[in-house]
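Accompanying notes for the structure given below.
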Amino acid sequence: MRILQVNKFYPFKGITSNNKPDYHYSVGDTETLIHFIDSLLTTQNHEVIHFSMEHPENGTSALSTYFVPYSNLHHISGVKNTLKSIGAVLYSTTAKKRLSALLDRYPVDIAHLHNIHHQLSPSIIDEFRKRSIPVVMTLHDFKMVCPSYNMLHKDRICEACKGKHFYHCIIDKCHNDSLYKSMVVAMESYLHHFVLKTYKYVRYFICPSRFLMKKVQEMGLKGTFFHVPNYLDCGRILPSVTWKERTIVYFGRLIKIKGLYTLLDAVKHIQHIHVNIIGDGPLKRDLLDKIKKESIKNISFLGYKHGEELQEEIRKAMFVILPSEVYENYPYSIQESFALGKPVIGSHIGGIPELCKEKETGLTFNPGNSKELRTKIEYLLADPAKITEMGRNARSFIENINDPGAYYQTLLAIYKTALQG
């Protein structure tokens with residue numbers, strides 16, 4: 001079988017030269033997953049090809065001449081370029097033509113879509129429909145039901161567009177707090193859901209978390225849904241259920257919706273524990289100002305780390321915290337922590353509780369509640385044996401749900417269902 005993987009970023013973005021992924025937050029969950037799917041399919045003698053966007057960080061691809069020209073929509077300036085970029089977001093004729101040329105040269109049995117919006121646009125779905133190529137789509141976010149991707153309004157959970165009432169995105173300026181950007185993404189949703197009815201051809205959806213699957217159905221998305229957790233090759237990751245330092249780790253982007261203010265408030269009065277924050281982002285300066293103003297002594301910013309360096313910092317720590325305040329899908333950061341033998345304290349939101357099973361693989365707390373988070377941290381610190389036990393449970397849990405043979409059979413069954421349909 002020849003499978004076409006479609007994603008705005010080529011899957012080797014952030015992959016080391018020996019084609020093994022660096023396990024760090026800057027490699028998107030999507031690209032990491034695609035890399036593993038490629039490996040599983042090719043070992044079973046399937047052929048995998050890609051359609052994507054040109055990018056400075058892309059690896060080498062024999063098909064890159066078919067890729068869509070690189071576009072950074074955040075750096076568009078000038079009226080002419082702005083209008084051109086809006087047209088490409090709504091319906092990219094360039095992407096459709098290049099895909100058509102690729103399919104003329106390399107006919108495929110099935111197309112597996114991932115993140116296609118803005119740089120590729122849903123225009124490519126019309127080409128699959130024209131050629132009667134079955135389409136399967138993995139949902140990595142809420143874009144199909146929320147024009148602004150993450151179901152947020154001013155950093156708060158928002159479900160106003162339920163029932164495909166996308167005009168709320170314009171009224172509330174949900175996309176980057178910009179009226180014109182919100183208008184563009186809302187227009188895109190109306191165009192492909194109602195006017196062109198592009199999305200009606202996508203009938204098979206893979207959802208990494210049960211939460212995401214339930215939520216997109218509640219919001220009005222129709223189709224056949226399959227719950228398949230994101231795959232992680234944890235066999236390559238050496239675990240450590242003990243620790244070398246009395247440290248706690250957060251690793252990820254430094255942005256408001258990740259709950260970092262809550263984390264700082266929770267740990268600032270806990271004695272004899274140190275918190276290492278690994279990553280970078282626009283919130284770093286504000287967090288440093290808060291630490292200085294409130295004389296918080298037990299926080300260190302280690303900056304950007306990846307690969308073995310990041311893994312070693314996590315191995316040295318007692319456990320990991322993910323205090324997110326947004327609907328998370330199925331975070332690789334938790335899976336990676338489990339693979340390293342570390343329990344996770346995570347917010348009880350989105351797909352996080354599906355991984356952080358209370359007092360088994362981790363603990364959960366209500367998002368934004370620093371007092372409850374502090375209580376959960378102190379609970380673990382008071383019982384080191386429990387940390388070790390939960391770390392072992394976490395490693396076993398992630399091994400059990402990431403059996404490569406089972407994942408391959410599940411994916412193949414979905415492909416066959418789409419082909420028969």
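Ordering of the structure tokens sets the chain letters (A, B, ...); residue numbers start at 1 within each chain; ligands are numbered from 1 in the order shown.
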List every residue of stretch 96-154 of chain A that has an atom at most 8 Å from any atom of stretch 199-216 of chain A, and for each one report the closest atom pair and its distance in Å to one decimal, counting only C-alpha atoms, with rows sorted by chain and then by increasing residue number, as CSV.
```
residue,atom,partner,partner_atom,distance
A:Pro122,CA,A:Tyr199,CA,7.9
A:Ile125,CA,A:Tyr201,CA,7.4
A:Arg129,CA,A:Tyr201,CA,6.7
A:Val135,CA,A:Val202,CA,5.8
A:Val136,CA,A:Tyr204,CA,5.0
A:Met137,CA,A:Phe205,CA,4.9
A:Thr138,CA,A:Ile206,CA,4.5
A:Leu139,CA,A:Cys207,CA,5.6
A:His140,CA,A:Cys207,CA,7.5
A:Asp141,CA,A:Leu212,CA,7.8
A:Phe142,CA,A:Val216,CA,6.9
A:Met144,CA,A:Val216,CA,7.7
A:Val145,CA,A:Val216,CA,6.3
```
With N, CA and C atoms retained, export the selected residues as a PDB file, in the first residue's frame.
```pdb
ATOM      1  N   PRO A 122      -7.493  23.628   3.242  1.00  0.00           N
ATOM      2  CA  PRO A 122      -8.367  22.497   2.893  1.00  0.00           C
ATOM      3  C   PRO A 122      -8.575  22.312   1.396  1.00  0.00           C
ATOM      4  N   ILE A 125      -8.103  18.865  -0.062  1.00  0.00           N
ATOM      5  CA  ILE A 125      -9.113  17.819   0.097  1.00  0.00           C
ATOM      6  C   ILE A 125      -9.917  17.663  -1.192  1.00  0.00           C
ATOM      7  N   ARG A 129     -10.833  14.270  -3.283  1.00  0.00           N
ATOM      8  CA  ARG A 129     -12.218  13.941  -3.668  1.00  0.00           C
ATOM      9  C   ARG A 129     -12.313  13.715  -5.169  1.00  0.00           C
ATOM     10  N   VAL A 135      -9.658   9.446   2.606  1.00  0.00           N
ATOM     11  CA  VAL A 135      -8.936  10.352   3.492  1.00  0.00           C
ATOM     12  C   VAL A 135      -9.196   9.976   4.948  1.00  0.00           C
ATOM     13  N   VAL A 136      -8.102   9.861   5.699  1.00  0.00           N
ATOM     14  CA  VAL A 136      -8.148   9.705   7.156  1.00  0.00           C
ATOM     15  C   VAL A 136      -7.457  10.922   7.750  1.00  0.00           C
ATOM     16  N   MET A 137      -7.992  11.459   8.815  1.00  0.00           N
ATOM     17  CA  MET A 137      -7.388  12.651   9.424  1.00  0.00           C
ATOM     18  C   MET A 137      -7.168  12.439  10.915  1.00  0.00           C
ATOM     19  N   THR A 138      -5.929  12.665  11.372  1.00  0.00           N
ATOM     20  CA  THR A 138      -5.654  12.665  12.803  1.00  0.00           C
ATOM     21  C   THR A 138      -5.856  14.074  13.330  1.00  0.00           C
ATOM     22  N   LEU A 139      -6.673  14.202  14.368  1.00  0.00           N
ATOM     23  CA  LEU A 139      -6.939  15.506  14.970  1.00  0.00           C
ATOM     24  C   LEU A 139      -5.916  15.764  16.073  1.00  0.00           C
ATOM     25  N   HIS A 140      -5.103  16.787  15.879  1.00  0.00           N
ATOM     26  CA  HIS A 140      -4.081  17.152  16.866  1.00  0.00           C
ATOM     27  C   HIS A 140      -4.505  18.348  17.697  1.00  0.00           C
ATOM     28  N   ASP A 141      -5.605  18.975  17.313  1.00  0.00           N
ATOM     29  CA  ASP A 141      -6.136  20.127  18.038  1.00  0.00           C
ATOM     30  C   ASP A 141      -7.627  20.229  17.710  1.00  0.00           C
ATOM     31  N   PHE A 142      -8.212  21.386  17.989  1.00  0.00           N
ATOM     32  CA  PHE A 142      -9.658  21.554  17.826  1.00  0.00           C
ATOM     33  C   PHE A 142     -10.025  22.411  16.613  1.00  0.00           C
ATOM     34  N   MET A 144     -10.982  21.848  13.653  1.00  0.00           N
ATOM     35  CA  MET A 144     -12.173  21.498  12.871  1.00  0.00           C
ATOM     36  C   MET A 144     -13.463  22.039  13.492  1.00  0.00           C
ATOM     37  N   VAL A 145     -13.410  22.434  14.769  1.00  0.00           N
ATOM     38  CA  VAL A 145     -14.608  22.967  15.432  1.00  0.00           C
ATOM     39  C   VAL A 145     -14.382  24.353  16.021  1.00  0.00           C
TER      40      VAL A 145
END
```
Query raised in the report: Which residues in stretch 170-347 of chain A does DSSP call helix (DSSP H, G or I)? List them as number ranges by chain.
Result: A: 170-171, 179-195, 198-201, 210-218, 234-236, 256-258, 260-267, 284-293, 307-316, 332-339
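Among A:Gly362, A:Gly163, A:Gly281, A:Gly405, the residue with the shortest atom-to-atom distance to A:Gln44, counting only C-alpha atoms, is A:Gly405.
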Query - Distance query A:Arg131 at most 12 Å, only C-alpha atoms, self and fewer than 6 positions along chain excluded, as a PyMOL selection string - result: chain A and resi 99-100+103-104+107-111+124-125+201
Output N, CA and C atoms for every residue in that selection, as a tab-separated table (two decimals), in the first residue's frame.
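Result written to selection33.tsv:
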```tsv
chain	number	residue	atom	x	y	z
A	99	LEU	N	-0.07	19.38	-5.24
A	99	LEU	CA	-0.52	18.05	-4.83
A	99	LEU	C	-0.95	17.25	-6.06
A	100	SER	N	-1.65	17.89	-6.97
A	100	SER	CA	-2.10	17.21	-8.18
A	100	SER	C	-0.91	16.68	-8.98
A	103	LEU	N	0.48	13.62	-7.20
A	103	LEU	CA	-0.37	12.43	-7.35
A	103	LEU	C	-0.34	11.89	-8.78
A	104	ASP	N	-0.11	12.77	-9.76
A	104	ASP	CA	0.06	12.29	-11.13
A	104	ASP	C	1.29	11.38	-11.23
A	107	PRO	N	0.71	7.96	-7.67
A	107	PRO	CA	-0.65	7.65	-7.21
A	107	PRO	C	-0.61	6.95	-5.85
A	108	VAL	N	-1.56	7.27	-4.99
A	108	VAL	CA	-1.57	6.69	-3.65
A	108	VAL	C	-2.88	5.96	-3.40
A	109	ASP	N	-2.85	5.06	-2.42
A	109	ASP	CA	-4.04	4.31	-2.05
A	109	ASP	C	-4.90	5.07	-1.04
A	110	ILE	N	-4.22	5.83	-0.17
A	110	ILE	CA	-4.94	6.53	0.89
A	110	ILE	C	-4.14	7.75	1.32
A	111	ALA	N	-4.84	8.77	1.78
A	111	ALA	CA	-4.19	9.99	2.29
A	111	ALA	C	-4.46	10.10	3.79
A	124	ILE	N	-6.67	21.12	-0.65
A	124	ILE	CA	-6.10	19.84	-1.06
A	124	ILE	C	-7.11	18.71	-0.95
A	125	ILE	N	-8.10	18.87	-0.06
A	125	ILE	CA	-9.11	17.82	0.10
A	125	ILE	C	-9.92	17.66	-1.19
A	201	TYR	N	-16.01	15.41	2.80
A	201	TYR	CA	-15.28	14.28	2.23
A	201	TYR	C	-14.37	13.60	3.25
```
Query raised in the report: Which one is closest to A:Ile86: A:His118, A:Ser52, A:Tyr332, A:Thr417? Count only C-alpha atoms.
Result: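 Comparing A:His118, A:Ser52, A:Tyr332, A:Thr417 against A:Ile86, the winner is A:His118.
Non-sequential neighbours of stretch 150-152 of chain A (distance at most 9 Å, separation of 3 or more positions within a chain, only C-alpha atoms) are Asp141, Phe142, Lys143, Val145, Cys146, Pro147, Asp155, Arg156, Ile157, Cys158, Glu159, Ala160, Cys161, Cys174, His175, Val326, Tyr327 and Glu328 of chain A.
Closest approach to A:Pro134 among A:Lys154, A:His168, A:His112, A:Arg374: A:His112, based on only C-alpha atoms.
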Report task. Measure the distance from atom CA of A:Glu399 to atom CA of A:Val344 in Å and round it to one decimal. Result ->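 About the pair atom CA of A:Glu399 and atom CA of A:Val344: they are 16.0 Å apart.
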Query raised in the report: Looking only at the backbone, which of the residues in stretch 75-287 of chain A does DSSP tag as strand (DSSP E), as a PyMOL selection string?
Result: chain A and resi 110-113+135-138+152-153+156-157+204-207+224-227+247-251+274-278
**Report entry** All residues 8 Å or closer to A:Val184, only C-alpha atoms, same chain fewer than 2 positions away omitted, as a list in words
**Finding:** Ile86, Val89, Leu90, Tyr180, Lys181, Ser182, Ala186, Met187 and Glu188 of chain A
Query raised in the report: How many Å separate atom CA of A:Leu340 from atom CA of A:Pro384?
Result: 16.8 Å
